[in-house]
Amino acid sequence: MRIVGLTGGIGSGKSTVSNLFKAHGIPVVDADVVARNVLKKGTGGWRKVLAAFGEDILLPSGEVDRPKLGQIVFTDPDKRQLLNRLLTPYISSGIILEVFKLWIKGCKIIVLDVPLLFEAKMDKWTKPIIVVWVNTETQLQRLMARDGTTAEEASSRINAQMSLDLKRDKADIVIDNSGSLEDLNEQFREVLVHVKNPLTWTEFGLSRDGALTAFFSILFGVIICWRAL
């Protein structure tokens with residue numbers, strides 16, 4: 001099984017690349033979706049966050065007001081680290097469960113879409129690692145246009161994450177999304193060819209089909225040895 005790591009930064013266009021993978025039939029495990037699920041009312045993550053941040057972060061429905069919580073943690077590094085510590089175990093477990101479901105289905109290639117891929121040490125699970133990169137000015141302008149924020153607010157959110165330049169240095173594949181959508185699509189087509197290369201023997205061995213092949217091979221060997229006795 002090939003587990004492709006996909007990451008980037010806020011406003012870099014990572015979600016666009018993630019959607020391109022989906023459009024080409026490659027399943028994506030989205031850490032943001034998992035994170036939303038672990039914060040649903042009544043879950044363990046919800047209770048942990050409520051105990052740490054108080055009822056002021058709740059909507060009248062009892063669900064977490066995610067924009068309000070985001071505003072709190074993006075302006076306070078200590079609270080951001082606290083939130084990450086509280087939710088990382090739940091998010092990691094949720095991601096593993098989603099990967100396992102796809103393994104059971106027999107998927108040979110999946111994409112892990114994780115904004116904090118390096119920070120959460122999930123990069124050790126993935127190969128290759130794809131980073132969607134943009135230059136700082138483009139990232140700032142896109143974020144301001146998307147969220148309607150000031151330059152100061154947008155810069156604060158960008159600076160709260162690992163720099164894209166550092167992520168680029170850790171990547172196996174870099175998609176430069178500083179240009180047009182056509183440029184992005186052209187780069188993606190090249191990346192898709194690389195991602196769809198035949199599985200290595202190790203990757204095949206970790207797939208469902210590889211595990212079944214190994215199991216039946218061992219079973220066949222045991223039967224042959226038993227009959228020879």
# chains A, B, ... in the order shown; residues from 1 in each chain; ligands from 1
$ residues_around --residues "stretch 130-140 of chain A" --least-positions-apart "5" --cutoff "7 Å" --atoms "only C-alpha atoms" --output "PyMOL selection string"
chain A and resi 5-8+11-14+154-155+164+167-168+171-178
$ closest_atom_pairs --of "stretch 45-141 of chain A" --to "stretch 20-31 of chain A" --cutoff "12 Å" --atoms "only C-alpha atoms" --output "tab-separated table"
residue	atom	partner	partner_atom	distance
A:Leu87	CA	A:Ala31	CA	11.5
A:Thr88	CA	A:Ala31	CA	10.4
A:Tyr90	CA	A:Ala31	CA	10.8
A:Ile91	CA	A:Ala31	CA	7.1
A:Ser92	CA	A:Ala31	CA	8.6
A:Ser93	CA	A:Ala31	CA	10.7
A:Gly94	CA	A:Ala31	CA	8.4
A:Ile95	CA	A:Ala31	CA	6.8
A:Ile96	CA	A:Val29	CA	9.4
A:Leu97	CA	A:Val29	CA	9.9
A:Glu98	CA	A:Val29	CA	6.7
A:Val99	CA	A:Val29	CA	7.1
A:Phe100	CA	A:Val29	CA	10.7
A:Lys101	CA	A:Val29	CA	10.4
A:Leu102	CA	A:Pro27	CA	8.0
A:Trp103	CA	A:Pro27	CA	10.9
A:Lys105	CA	A:Pro27	CA	11.0
A:Gly106	CA	A:Pro27	CA	11.4
A:Cys107	CA	A:Pro27	CA	8.0
A:Lys108	CA	A:Ile26	CA	9.3
A:Ile109	CA	A:Ile26	CA	6.8
A:Ile110	CA	A:Pro27	CA	5.2
A:Val111	CA	A:Val28	CA	4.7
A:Leu112	CA	A:Val29	CA	5.0
A:Asp113	CA	A:Asp30	CA	4.8
A:Val114	CA	A:Ala31	CA	5.1
A:Pro115	CA	A:Ala31	CA	7.5
A:Leu116	CA	A:Ala31	CA	8.8
A:Leu117	CA	A:Ala31	CA	9.3
A:Ala120	CA	A:Ala31	CA	11.2
A:Met122	CA	A:Ala31	CA	11.0
$ write_last_selection --atoms "N, CA and C atoms" --output "PDB file, in the first residue's frame"
ATOM      1  N   LEU A  87      -5.881  17.211  21.054  1.00  0.00           N
ATOM      2  CA  LEU A  87      -6.585  16.587  19.939  1.00  0.00           C
ATOM      3  C   LEU A  87      -5.749  15.618  19.121  1.00  0.00           C
ATOM      4  N   THR A  88      -4.414  15.753  19.174  1.00  0.00           N
ATOM      5  CA  THR A  88      -3.568  14.904  18.340  1.00  0.00           C
ATOM      6  C   THR A  88      -3.840  13.407  18.519  1.00  0.00           C
ATOM      7  N   TYR A  90      -6.597  11.861  19.324  1.00  0.00           N
ATOM      8  CA  TYR A  90      -7.877  11.530  18.702  1.00  0.00           C
ATOM      9  C   TYR A  90      -7.789  11.601  17.179  1.00  0.00           C
ATOM     10  N   ILE A  91      -7.094  12.632  16.689  1.00  0.00           N
ATOM     11  CA  ILE A  91      -6.966  12.791  15.233  1.00  0.00           C
ATOM     12  C   ILE A  91      -6.128  11.664  14.651  1.00  0.00           C
ATOM     13  N   SER A  92      -5.022  11.319  15.327  1.00  0.00           N
ATOM     14  CA  SER A  92      -4.173  10.225  14.846  1.00  0.00           C
ATOM     15  C   SER A  92      -4.951   8.911  14.789  1.00  0.00           C
ATOM     16  N   SER A  93      -5.723   8.637  15.826  1.00  0.00           N
ATOM     17  CA  SER A  93      -6.528   7.410  15.848  1.00  0.00           C
ATOM     18  C   SER A  93      -7.567   7.415  14.735  1.00  0.00           C
ATOM     19  N   GLY A  94      -8.172   8.580  14.513  1.00  0.00           N
ATOM     20  CA  GLY A  94      -9.173   8.696  13.455  1.00  0.00           C
ATOM     21  C   GLY A  94      -8.575   8.475  12.082  1.00  0.00           C
ATOM     22  N   ILE A  95      -7.374   9.006  11.849  1.00  0.00           N
ATOM     23  CA  ILE A  95      -6.698   8.827  10.566  1.00  0.00           C
ATOM     24  C   ILE A  95      -6.348   7.358  10.352  1.00  0.00           C
ATOM     25  N   ILE A  96      -5.813   6.714  11.403  1.00  0.00           N
ATOM     26  CA  ILE A  96      -5.460   5.291  11.296  1.00  0.00           C
ATOM     27  C   ILE A  96      -6.697   4.460  10.959  1.00  0.00           C
ATOM     28  N   LEU A  97      -7.822   4.786  11.570  1.00  0.00           N
ATOM     29  CA  LEU A  97      -9.061   4.056  11.298  1.00  0.00           C
ATOM     30  C   LEU A  97      -9.482   4.219   9.839  1.00  0.00           C
ATOM     31  N   GLU A  98      -9.391   5.448   9.315  1.00  0.00           N
ATOM     32  CA  GLU A  98      -9.772   5.684   7.924  1.00  0.00           C
ATOM     33  C   GLU A  98      -8.834   4.955   6.964  1.00  0.00           C
ATOM     34  N   VAL A  99      -7.542   4.956   7.278  1.00  0.00           N
ATOM     35  CA  VAL A  99      -6.577   4.223   6.444  1.00  0.00           C
ATOM     36  C   VAL A  99      -6.896   2.741   6.469  1.00  0.00           C
ATOM     37  N   PHE A 100      -7.228   2.215   7.644  1.00  0.00           N
ATOM     38  CA  PHE A 100      -7.544   0.789   7.772  1.00  0.00           C
ATOM     39  C   PHE A 100      -8.779   0.428   6.942  1.00  0.00           C
ATOM     40  N   LYS A 101      -9.788   1.301   6.949  1.00  0.00           N
ATOM     41  CA  LYS A 101     -10.992   1.050   6.150  1.00  0.00           C
ATOM     42  C   LYS A 101     -10.643   0.945   4.668  1.00  0.00           C
ATOM     43  N   LEU A 102      -9.759   1.817   4.202  1.00  0.00           N
ATOM     44  CA  LEU A 102      -9.353   1.795   2.790  1.00  0.00           C
ATOM     45  C   LEU A 102      -8.494   0.567   2.499  1.00  0.00           C
ATOM     46  N   TRP A 103      -7.681   0.150   3.485  1.00  0.00           N
ATOM     47  CA  TRP A 103      -6.876  -1.064   3.338  1.00  0.00           C
ATOM     48  C   TRP A 103      -7.783  -2.278   3.170  1.00  0.00           C
ATOM     49  N   LYS A 105     -10.702  -2.313   1.967  1.00  0.00           N
ATOM     50  CA  LYS A 105     -11.332  -2.247   0.641  1.00  0.00           C
ATOM     51  C   LYS A 105     -10.371  -2.668  -0.472  1.00  0.00           C
ATOM     52  N   GLY A 106      -9.094  -2.767  -0.136  1.00  0.00           N
ATOM     53  CA  GLY A 106      -8.127  -3.171  -1.145  1.00  0.00           C
ATOM     54  C   GLY A 106      -7.470  -2.031  -1.898  1.00  0.00           C
ATOM     55  N   CYS A 107      -7.598  -0.811  -1.387  1.00  0.00           N
ATOM     56  CA  CYS A 107      -6.959   0.339  -2.053  1.00  0.00           C
ATOM     57  C   CYS A 107      -5.438   0.185  -1.994  1.00  0.00           C
ATOM     58  N   LYS A 108      -4.796   0.406  -3.107  1.00  0.00           N
ATOM     59  CA  LYS A 108      -3.343   0.261  -3.159  1.00  0.00           C
ATOM     60  C   LYS A 108      -2.619   1.592  -3.011  1.00  0.00           C
ATOM     61  N   ILE A 109      -3.291   2.684  -3.342  1.00  0.00           N
ATOM     62  CA  ILE A 109      -2.708   4.023  -3.207  1.00  0.00           C
ATOM     63  C   ILE A 109      -3.721   4.911  -2.506  1.00  0.00           C
ATOM     64  N   ILE A 110      -3.294   5.583  -1.439  1.00  0.00           N
ATOM     65  CA  ILE A 110      -4.144   6.575  -0.781  1.00  0.00           C
ATOM     66  C   ILE A 110      -3.306   7.820  -0.500  1.00  0.00           C
ATOM     67  N   VAL A 111      -4.003   8.921  -0.291  1.00  0.00           N
ATOM     68  CA  VAL A 111      -3.344  10.190   0.027  1.00  0.00           C
ATOM     69  C   VAL A 111      -3.753  10.622   1.425  1.00  0.00           C
ATOM     70  N   LEU A 112      -2.766  10.932   2.255  1.00  0.00           N
ATOM     71  CA  LEU A 112      -3.025  11.533   3.564  1.00  0.00           C
ATOM     72  C   LEU A 112      -2.890  13.041   3.429  1.00  0.00           C
ATOM     73  N   ASP A 113      -3.997  13.745   3.532  1.00  0.00           N
ATOM     74  CA  ASP A 113      -4.014  15.210   3.444  1.00  0.00           C
ATOM     75  C   ASP A 113      -3.952  15.753   4.869  1.00  0.00           C
ATOM     76  N   VAL A 114      -2.755  16.139   5.294  1.00  0.00           N
ATOM     77  CA  VAL A 114      -2.542  16.539   6.693  1.00  0.00           C
ATOM     78  C   VAL A 114      -1.790  17.877   6.753  1.00  0.00           C
ATOM     79  N   PRO A 115      -2.439  18.955   7.179  1.00  0.00           N
ATOM     80  CA  PRO A 115      -1.748  20.243   7.287  1.00  0.00           C
ATOM     81  C   PRO A 115      -0.517  20.187   8.191  1.00  0.00           C
ATOM     82  N   LEU A 116      -0.611  19.435   9.296  1.00  0.00           N
ATOM     83  CA  LEU A 116       0.499  19.334  10.256  1.00  0.00           C
ATOM     84  C   LEU A 116       1.247  18.017  10.097  1.00  0.00           C
ATOM     85  N   LEU A 117       1.477  17.617   8.861  1.00  0.00           N
ATOM     86  CA  LEU A 117       2.117  16.327   8.588  1.00  0.00           C
ATOM     87  C   LEU A 117       3.457  16.196   9.295  1.00  0.00           C
ATOM     88  N   ALA A 120       3.162  16.765  13.370  1.00  0.00           N
ATOM     89  CA  ALA A 120       2.579  15.620  14.073  1.00  0.00           C
ATOM     90  C   ALA A 120       3.385  14.339  13.857  1.00  0.00           C
ATOM     91  N   MET A 122       3.732  12.592  11.301  1.00  0.00           N
ATOM     92  CA  MET A 122       3.062  11.623  10.446  1.00  0.00           C
ATOM     93  C   MET A 122       3.811  11.409   9.126  1.00  0.00           C
TER      94      MET A 122
END
$ residues_around --residues "stretch 60-70 of chain A" --least-positions-apart "4" --cutoff "12 Å" --atoms "only C-alpha atoms" --output "JSON list (two decimals) with all heavy atoms, in the first residue's frame"
[["chain", "number", "residue", "atom", "x", "y", "z"],
["A", 32, "ASP", "N", -8.46, 17.33, 8.23],
["A", 32, "ASP", "CA", -9.39, 18.37, 8.68],
["A", 32, "ASP", "C", -10.78, 17.79, 8.93],
["A", 32, "ASP", "O", -11.48, 18.19, 9.86],
["A", 32, "ASP", "CB", -9.46, 19.49, 7.64],
["A", 32, "ASP", "CG", -8.23, 20.39, 7.68],
["A", 32, "ASP", "OD1", -7.53, 20.40, 8.71],
["A", 32, "ASP", "OD2", -7.97, 21.08, 6.66],
["A", 35, "ALA", "N", -10.58, 15.91, 12.09],
["A", 35, "ALA", "CA", -10.53, 16.85, 13.22],
["A", 35, "ALA", "C", -11.92, 17.40, 13.54],
["A", 35, "ALA", "O", -12.26, 17.59, 14.71],
["A", 35, "ALA", "CB", -9.57, 18.00, 12.90],
["A", 36, "ARG", "N", -12.71, 17.65, 12.51],
["A", 36, "ARG", "CA", -14.07, 18.11, 12.76],
["A", 36, "ARG", "C", -14.89, 17.04, 13.48],
["A", 36, "ARG", "O", -15.69, 17.35, 14.37],
["A", 36, "ARG", "CB", -14.76, 18.50, 11.44],
["A", 36, "ARG", "CG", -14.29, 19.83, 10.88],
["A", 36, "ARG", "CD", -15.23, 20.35, 9.81],
["A", 36, "ARG", "NE", -15.18, 19.55, 8.59],
["A", 36, "ARG", "CZ", -14.34, 19.76, 7.60],
["A", 36, "ARG", "NH1", -13.47, 20.74, 7.67],
["A", 36, "ARG", "NH2", -14.38, 19.01, 6.52],
["A", 37, "ASN", "N", -14.67, 15.80, 13.09],
["A", 37, "ASN", "CA", -15.43, 14.71, 13.71],
["A", 37, "ASN", "C", -15.06, 14.51, 15.18],
["A", 37, "ASN", "O", -15.93, 14.21, 16.01],
["A", 37, "ASN", "CB", -15.20, 13.41, 12.94],
["A", 37, "ASN", "CG", -15.88, 13.42, 11.58],
["A", 37, "ASN", "OD1", -16.86, 14.14, 11.37],
["A", 37, "ASN", "ND2", -15.36, 12.63, 10.65],
["A", 38, "VAL", "N", -13.77, 14.68, 15.51],
["A", 38, "VAL", "CA", -13.35, 14.47, 16.91],
["A", 38, "VAL", "C", -13.76, 15.63, 17.80],
["A", 38, "VAL", "O", -13.64, 15.53, 19.03],
["A", 38, "VAL", "CB", -11.83, 14.22, 17.03],
["A", 38, "VAL", "CG1", -11.40, 13.04, 16.18],
["A", 38, "VAL", "CG2", -11.02, 15.45, 16.67],
["A", 39, "LEU", "N", -14.27, 16.71, 17.21],
["A", 39, "LEU", "CA", -14.75, 17.84, 18.00],
["A", 39, "LEU", "C", -16.27, 17.90, 18.09],
["A", 39, "LEU", "O", -16.82, 18.85, 18.65],
["A", 39, "LEU", "CB", -14.23, 19.17, 17.41],
["A", 39, "LEU", "CG", -12.93, 19.72, 17.98],
["A", 39, "LEU", "CD1", -12.59, 21.06, 17.33],
["A", 39, "LEU", "CD2", -12.99, 19.90, 19.49],
["A", 40, "LYS", "N", -16.94, 16.89, 17.54],
["A", 40, "LYS", "CA", -18.39, 16.89, 17.60],
["A", 40, "LYS", "C", -18.86, 16.75, 19.05],
["A", 40, "LYS", "O", -18.21, 16.13, 19.89],
["A", 40, "LYS", "CB", -18.95, 15.74, 16.75],
["A", 40, "LYS", "CG", -18.89, 16.02, 15.26],
["A", 40, "LYS", "CD", -19.54, 14.90, 14.46],
["A", 40, "LYS", "CE", -19.53, 15.21, 12.97],
["A", 40, "LYS", "NZ", -20.14, 14.12, 12.17],
["A", 41, "LYS", "N", -20.01, 17.33, 19.30],
["A", 41, "LYS", "CA", -20.58, 17.34, 20.65],
["A", 41, "LYS", "C", -20.66, 15.94, 21.24],
["A", 41, "LYS", "O", -21.14, 15.01, 20.60],
["A", 41, "LYS", "CB", -21.98, 17.96, 20.60],
["A", 41, "LYS", "CG", -22.65, 18.08, 21.97],
["A", 41, "LYS", "CD", -24.01, 18.73, 21.83],
["A", 41, "LYS", "CE", -24.71, 18.81, 23.18],
["A", 41, "LYS", "NZ", -26.08, 19.43, 23.05],
["A", 42, "GLY", "N", -20.14, 15.81, 22.46],
["A", 42, "GLY", "CA", -20.23, 14.56, 23.18],
["A", 42, "GLY", "C", -19.04, 13.62, 22.99],
["A", 42, "GLY", "O", -18.93, 12.63, 23.70],
["A", 43, "THR", "N", -18.15, 13.93, 22.05],
["A", 43, "THR", "CA", -16.99, 13.06, 21.82],
["A", 43, "THR", "C", -15.92, 13.33, 22.87],
["A", 43, "THR", "O", -15.96, 14.33, 23.60],
["A", 43, "THR", "CB", -16.40, 13.31, 20.42],
["A", 43, "THR", "OG1", -15.96, 14.67, 20.32],
["A", 43, "THR", "CG2", -17.42, 13.03, 19.33],
["A", 45, "GLY", "N", -12.82, 14.22, 22.33],
["A", 45, "GLY", "CA", -12.12, 15.45, 21.99],
["A", 45, "GLY", "C", -12.90, 16.68, 22.40],
["A", 45, "GLY", "O", -12.33, 17.65, 22.92],
["A", 46, "TRP", "N", -14.20, 16.64, 22.20],
["A", 46, "TRP", "CA", -15.08, 17.75, 22.60],
["A", 46, "TRP", "C", -14.99, 17.99, 24.10],
["A", 46, "TRP", "O", -14.86, 19.13, 24.55],
["A", 46, "TRP", "CB", -16.50, 17.42, 22.17],
["A", 46, "TRP", "CG", -17.55, 18.43, 22.55],
["A", 46, "TRP", "CD1", -17.92, 19.55, 21.85],
["A", 46, "TRP", "CD2", -18.39, 18.42, 23.73],
["A", 46, "TRP", "NE1", -18.92, 20.22, 22.50],
["A", 46, "TRP", "CE2", -19.23, 19.54, 23.65],
["A", 46, "TRP", "CE3", -18.50, 17.54, 24.81],
["A", 46, "TRP", "CZ2", -20.18, 19.82, 24.63],
["A", 46, "TRP", "CZ3", -19.45, 17.83, 25.78],
["A", 46, "TRP", "CH2", -20.28, 18.95, 25.69],
["A", 47, "ARG", "N", -15.03, 16.92, 24.89],
["A", 47, "ARG", "CA", -14.97, 17.06, 26.35],
["A", 47, "ARG", "C", -13.63, 17.62, 26.80],
["A", 47, "ARG", "O", -13.57, 18.47, 27.72],
["A", 47, "ARG", "CB", -15.25, 15.72, 27.02],
["A", 47, "ARG", "CG", -16.70, 15.28, 26.94],
["A", 47, "ARG", "CD", -16.98, 14.07, 27.83],
["A", 47, "ARG", "NE", -16.36, 12.87, 27.31],
["A", 47, "ARG", "CZ", -16.96, 12.04, 26.47],
["A", 47, "ARG", "NH1", -18.20, 12.30, 26.06],
["A", 47, "ARG", "NH2", -16.35, 10.95, 26.04],
["A", 48, "LYS", "N", -12.53, 17.16, 26.17],
["A", 48, "LYS", "CA", -11.21, 17.66, 26.53],
["A", 48, "LYS", "C", -11.08, 19.15, 26.25],
["A", 48, "LYS", "O", -10.56, 19.92, 27.07],
["A", 48, "LYS", "CB", -10.15, 16.90, 25.75],
["A", 48, "LYS", "CG", -9.95, 15.44, 26.14],
["A", 48, "LYS", "CD", -9.09, 15.31, 27.37],
["A", 48, "LYS", "CE", -8.75, 13.85, 27.64],
["A", 48, "LYS", "NZ", -7.91, 13.68, 28.84],
["A", 49, "VAL", "N", -11.54, 19.56, 25.08],
["A", 49, "VAL", "CA", -11.43, 20.97, 24.68],
["A", 49, "VAL", "C", -12.33, 21.84, 25.54],
["A", 49, "VAL", "O", -11.95, 22.95, 25.94],
["A", 49, "VAL", "CB", -11.76, 21.12, 23.18],
["A", 49, "VAL", "CG1", -11.89, 22.60, 22.80],
["A", 49, "VAL", "CG2", -10.66, 20.47, 22.33],
["A", 50, "LEU", "N", -13.52, 21.34, 25.84],
["A", 50, "LEU", "CA", -14.45, 22.10, 26.68],
["A", 50, "LEU", "C", -13.86, 22.33, 28.07],
["A", 50, "LEU", "O", -13.94, 23.42, 28.64],
["A", 50, "LEU", "CB", -15.78, 21.36, 26.79],
["A", 50, "LEU", "CG", -16.87, 22.01, 27.63],
["A", 50, "LEU", "CD1", -17.24, 23.37, 27.04],
["A", 50, "LEU", "CD2", -18.10, 21.10, 27.70],
["A", 52, "ALA", "N", -10.72, 22.49, 28.84],
["A", 52, "ALA", "CA", -9.55, 23.36, 28.77],
["A", 52, "ALA", "C", -9.89, 24.80, 28.43],
["A", 52, "ALA", "O", -9.24, 25.73, 28.92],
["A", 52, "ALA", "CB", -8.56, 22.80, 27.74],
["A", 53, "PHE", "N", -10.90, 25.01, 27.60],
["A", 53, "PHE", "CA", -11.17, 26.35, 27.09],
["A", 53, "PHE", "C", -12.48, 26.96, 27.59],
["A", 53, "PHE", "O", -12.74, 28.14, 27.36],
["A", 53, "PHE", "CB", -11.18, 26.34, 25.55],
["A", 53, "PHE", "CG", -9.83, 26.09, 24.95],
["A", 53, "PHE", "CD1", -9.38, 24.80, 24.70],
["A", 53, "PHE", "CD2", -8.98, 27.15, 24.64],
["A", 53, "PHE", "CE1", -8.14, 24.57, 24.14],
["A", 53, "PHE", "CE2", -7.73, 26.93, 24.08],
["A", 53, "PHE", "CZ", -7.30, 25.64, 23.84],
["A", 54, "GLY", "N", -13.29, 26.17, 28.26],
["A", 54, "GLY", "CA", -14.51, 26.73, 28.83],
["A", 54, "GLY", "C", -15.68, 26.75, 27.87],
["A", 54, "GLY", "O", -15.53, 26.56, 26.65],
["A", 55, "GLU", "N", -16.86, 27.03, 28.40],
["A", 55, "GLU", "CA", -18.09, 26.98, 27.62],
["A", 55, "GLU", "C", -18.23, 28.17, 26.66],
["A", 55, "GLU", "O", -19.13, 28.16, 25.81],
["A", 55, "GLU", "CB", -19.30, 26.92, 28.55],
["A", 55, "GLU", "CG", -19.37, 25.63, 29.37],
["A", 55, "GLU", "CD", -20.64, 25.51, 30.16],
["A", 55, "GLU", "OE1", -21.47, 26.44, 30.10],
["A", 55, "GLU", "OE2", -20.82, 24.48, 30.86],
["A", 56, "ASP", "N", -17.37, 29.17, 26.78],
["A", 56, "ASP", "CA", -17.45, 30.33, 25.89],
["A", 56, "ASP", "C", -17.19, 29.96, 24.43],
["A", 56, "ASP", "O", -17.55, 30.72, 23.52],
["A", 56, "ASP", "CB", -16.45, 31.41, 26.32],
["A", 56, "ASP", "CG", -16.87, 32.10, 27.61],
["A", 56, "ASP", "OD1", -18.06, 31.98, 27.98],
["A", 56, "ASP", "OD2", -16.02, 32.75, 28.24],
["A", 74, "PHE", "N", -4.84, 30.89, 17.34],
["A", 74, "PHE", "CA", -3.90, 31.49, 16.39],
["A", 74, "PHE", "C", -3.21, 32.72, 16.98],
["A", 74, "PHE", "O", -2.14, 33.11, 16.52],
["A", 74, "PHE", "CB", -4.62, 31.88, 15.10],
["A", 74, "PHE", "CG", -4.64, 30.77, 14.08],
["A", 74, "PHE", "CD1", -5.85, 30.21, 13.68],
["A", 74, "PHE", "CD2", -3.47, 30.27, 13.52],
["A", 74, "PHE", "CE1", -5.88, 29.18, 12.76],
["A", 74, "PHE", "CE2", -3.50, 29.24, 12.60],
["A", 74, "PHE", "CZ", -4.71, 28.69, 12.21],
["A", 75, "THR", "N", -3.80, 33.33, 17.99],
["A", 75, "THR", "CA", -3.19, 34.51, 18.60],
["A", 75, "THR", "C", -2.45, 34.18, 19.89],
["A", 75, "THR", "O", -1.87, 35.08, 20.50],
["A", 75, "THR", "CB", -4.27, 35.57, 18.90],
["A", 75, "THR", "OG1", -5.29, 35.01, 19.74],
["A", 75, "THR", "CG2", -4.90, 36.07, 17.61],
["A", 76, "ASP", "N", -2.45, 32.92, 20.30],
["A", 76, "ASP", "CA", -1.80, 32.52, 21.54],
["A", 76, "ASP", "C", -1.07, 31.20, 21.33],
["A", 76, "ASP", "O", -1.70, 30.14, 21.33],
["A", 76, "ASP", "CB", -2.84, 32.39, 22.66],
["A", 76, "ASP", "CG", -2.21, 32.20, 24.04],
["A", 76, "ASP", "OD1", -1.14, 31.55, 24.11],
["A", 76, "ASP", "OD2", -2.77, 32.68, 25.03],
["A", 77, "PRO", "N", 0.25, 31.22, 21.15],
["A", 77, "PRO", "CA", 1.02, 30.00, 20.88],
["A", 77, "PRO", "C", 0.84, 28.93, 21.95],
["A", 77, "PRO", "O", 0.78, 27.73, 21.64],
["A", 77, "PRO", "CB", 2.47, 30.49, 20.82],
["A", 77, "PRO", "CG", 2.37, 31.93, 20.46],
["A", 77, "PRO", "CD", 1.11, 32.42, 21.12],
["A", 79, "LYS", "N", -1.79, 28.35, 23.89],
["A", 79, "LYS", "CA", -3.11, 27.73, 23.75],
["A", 79, "LYS", "C", -3.16, 26.87, 22.49],
["A", 79, "LYS", "O", -3.84, 25.83, 22.46],
["A", 79, "LYS", "CB", -4.20, 28.79, 23.72],
["A", 79, "LYS", "CG", -4.39, 29.47, 25.07],
["A", 79, "LYS", "CD", -5.53, 30.48, 25.04],
["A", 79, "LYS", "CE", -5.71, 31.11, 26.44],
["A", 79, "LYS", "NZ", -6.80, 32.13, 26.42],
["A", 80, "ARG", "N", -2.44, 27.29, 21.46],
["A", 80, "ARG", "CA", -2.39, 26.49, 20.24],
["A", 80, "ARG", "C", -1.70, 25.15, 20.50],
["A", 80, "ARG", "O", -2.17, 24.10, 20.05],
["A", 80, "ARG", "CB", -1.66, 27.26, 19.14],
["A", 80, "ARG", "CG", -1.67, 26.56, 17.78],
["A", 80, "ARG", "CD", -1.24, 27.49, 16.67],
["A", 80, "ARG", "NE", 0.12, 27.95, 16.81],
["A", 80, "ARG", "CZ", 0.48, 29.19, 17.11],
["A", 80, "ARG", "NH1", -0.44, 30.12, 17.34],
["A", 80, "ARG", "NH2", 1.75, 29.54, 17.19],
["A", 83, "LEU", "N", -4.10, 22.94, 22.50],
["A", 83, "LEU", "CA", -5.13, 22.34, 21.65],
["A", 83, "LEU", "C", -4.56, 21.17, 20.85],
["A", 83, "LEU", "O", -5.20, 20.11, 20.75],
["A", 83, "LEU", "CB", -5.71, 23.40, 20.71],
["A", 83, "LEU", "CG", -6.84, 22.91, 19.79],
["A", 83, "LEU", "CD1", -8.06, 22.49, 20.60],
["A", 83, "LEU", "CD2", -7.21, 24.00, 18.78],
["A", 84, "ASN", "N", -3.37, 21.35, 20.30],
["A", 84, "ASN", "CA", -2.73, 20.27, 19.54],
["A", 84, "ASN", "C", -2.49, 19.04, 20.41],
["A", 84, "ASN", "O", -2.71, 17.91, 19.98],
["A", 84, "ASN", "CB", -1.42, 20.76, 18.92],
["A", 84, "ASN", "CG", -1.64, 21.70, 17.76],
["A", 84, "ASN", "OD1", -2.71, 21.71, 17.13],
["A", 84, "ASN", "ND2", -0.65, 22.52, 17.44],
["A", 147, "ASP", "N", -10.46, 34.96, 3.15],
["A", 147, "ASP", "CA", -11.10, 35.11, 4.45],
["A", 147, "ASP", "C", -11.54, 36.53, 4.77],
["A", 147, "ASP", "O", -12.17, 36.77, 5.81],
["A", 147, "ASP", "CB", -10.16, 34.62, 5.56],
["A", 147, "ASP", "CG", -9.86, 33.13, 5.46],
["A", 147, "ASP", "OD1", -10.58, 32.45, 4.71],
["A", 147, "ASP", "OD2", -8.91, 32.66, 6.11],
["A", 156, "SER", "N", -0.45, 36.70, 10.87],
["A", 156, "SER", "CA", -0.45, 36.00, 12.15],
["A", 156, "SER", "C", -0.80, 34.53, 11.95],
["A", 156, "SER", "O", -0.17, 33.65, 12.56],
["A", 156, "SER", "CB", -1.45, 36.65, 13.10],
["A", 156, "SER", "OG", -1.53, 35.94, 14.32],
["A", 157, "ARG", "N", -1.76, 34.25, 11.09],
["A", 157, "ARG", "CA", -2.16, 32.87, 10.86],
["A", 157, "ARG", "C", -1.07, 32.11, 10.09],
["A", 157, "ARG", "O", -0.82, 30.94, 10.37],
["A", 157, "ARG", "CB", -3.48, 32.84, 10.08],
["A", 157, "ARG", "CG", -4.64, 33.47, 10.84],
["A", 157, "ARG", "CD", -5.96, 33.14, 10.20],
["A", 157, "ARG", "NE", -6.31, 31.73, 10.40],
["A", 157, "ARG", "CZ", -7.41, 31.17, 9.93],
["A", 157, "ARG", "NH1", -8.27, 31.89, 9.21],
["A", 157, "ARG", "NH2", -7.64, 29.89, 10.15],
["A", 160, "ALA", "N", 1.81, 31.22, 12.36],
["A", 160, "ALA", "CA", 1.49, 30.22, 13.37],
["A", 160, "ALA", "C", 1.82, 28.81, 12.90],
["A", 160, "ALA", "O", 1.81, 27.87, 13.69],
["A", 160, "ALA", "CB", 0.01, 30.31, 13.75]]
$ closest_residue --among "A:Lys170, A:Ile104, A:Pro89, A:Ile3" --to "A:Glu203" --atoms "only C-alpha atoms"
A:Ile3
$ atom_distance --atom1 "atom CA of A:Val34" --atom2 "atom CA of A:Leu206"
23.4 Å
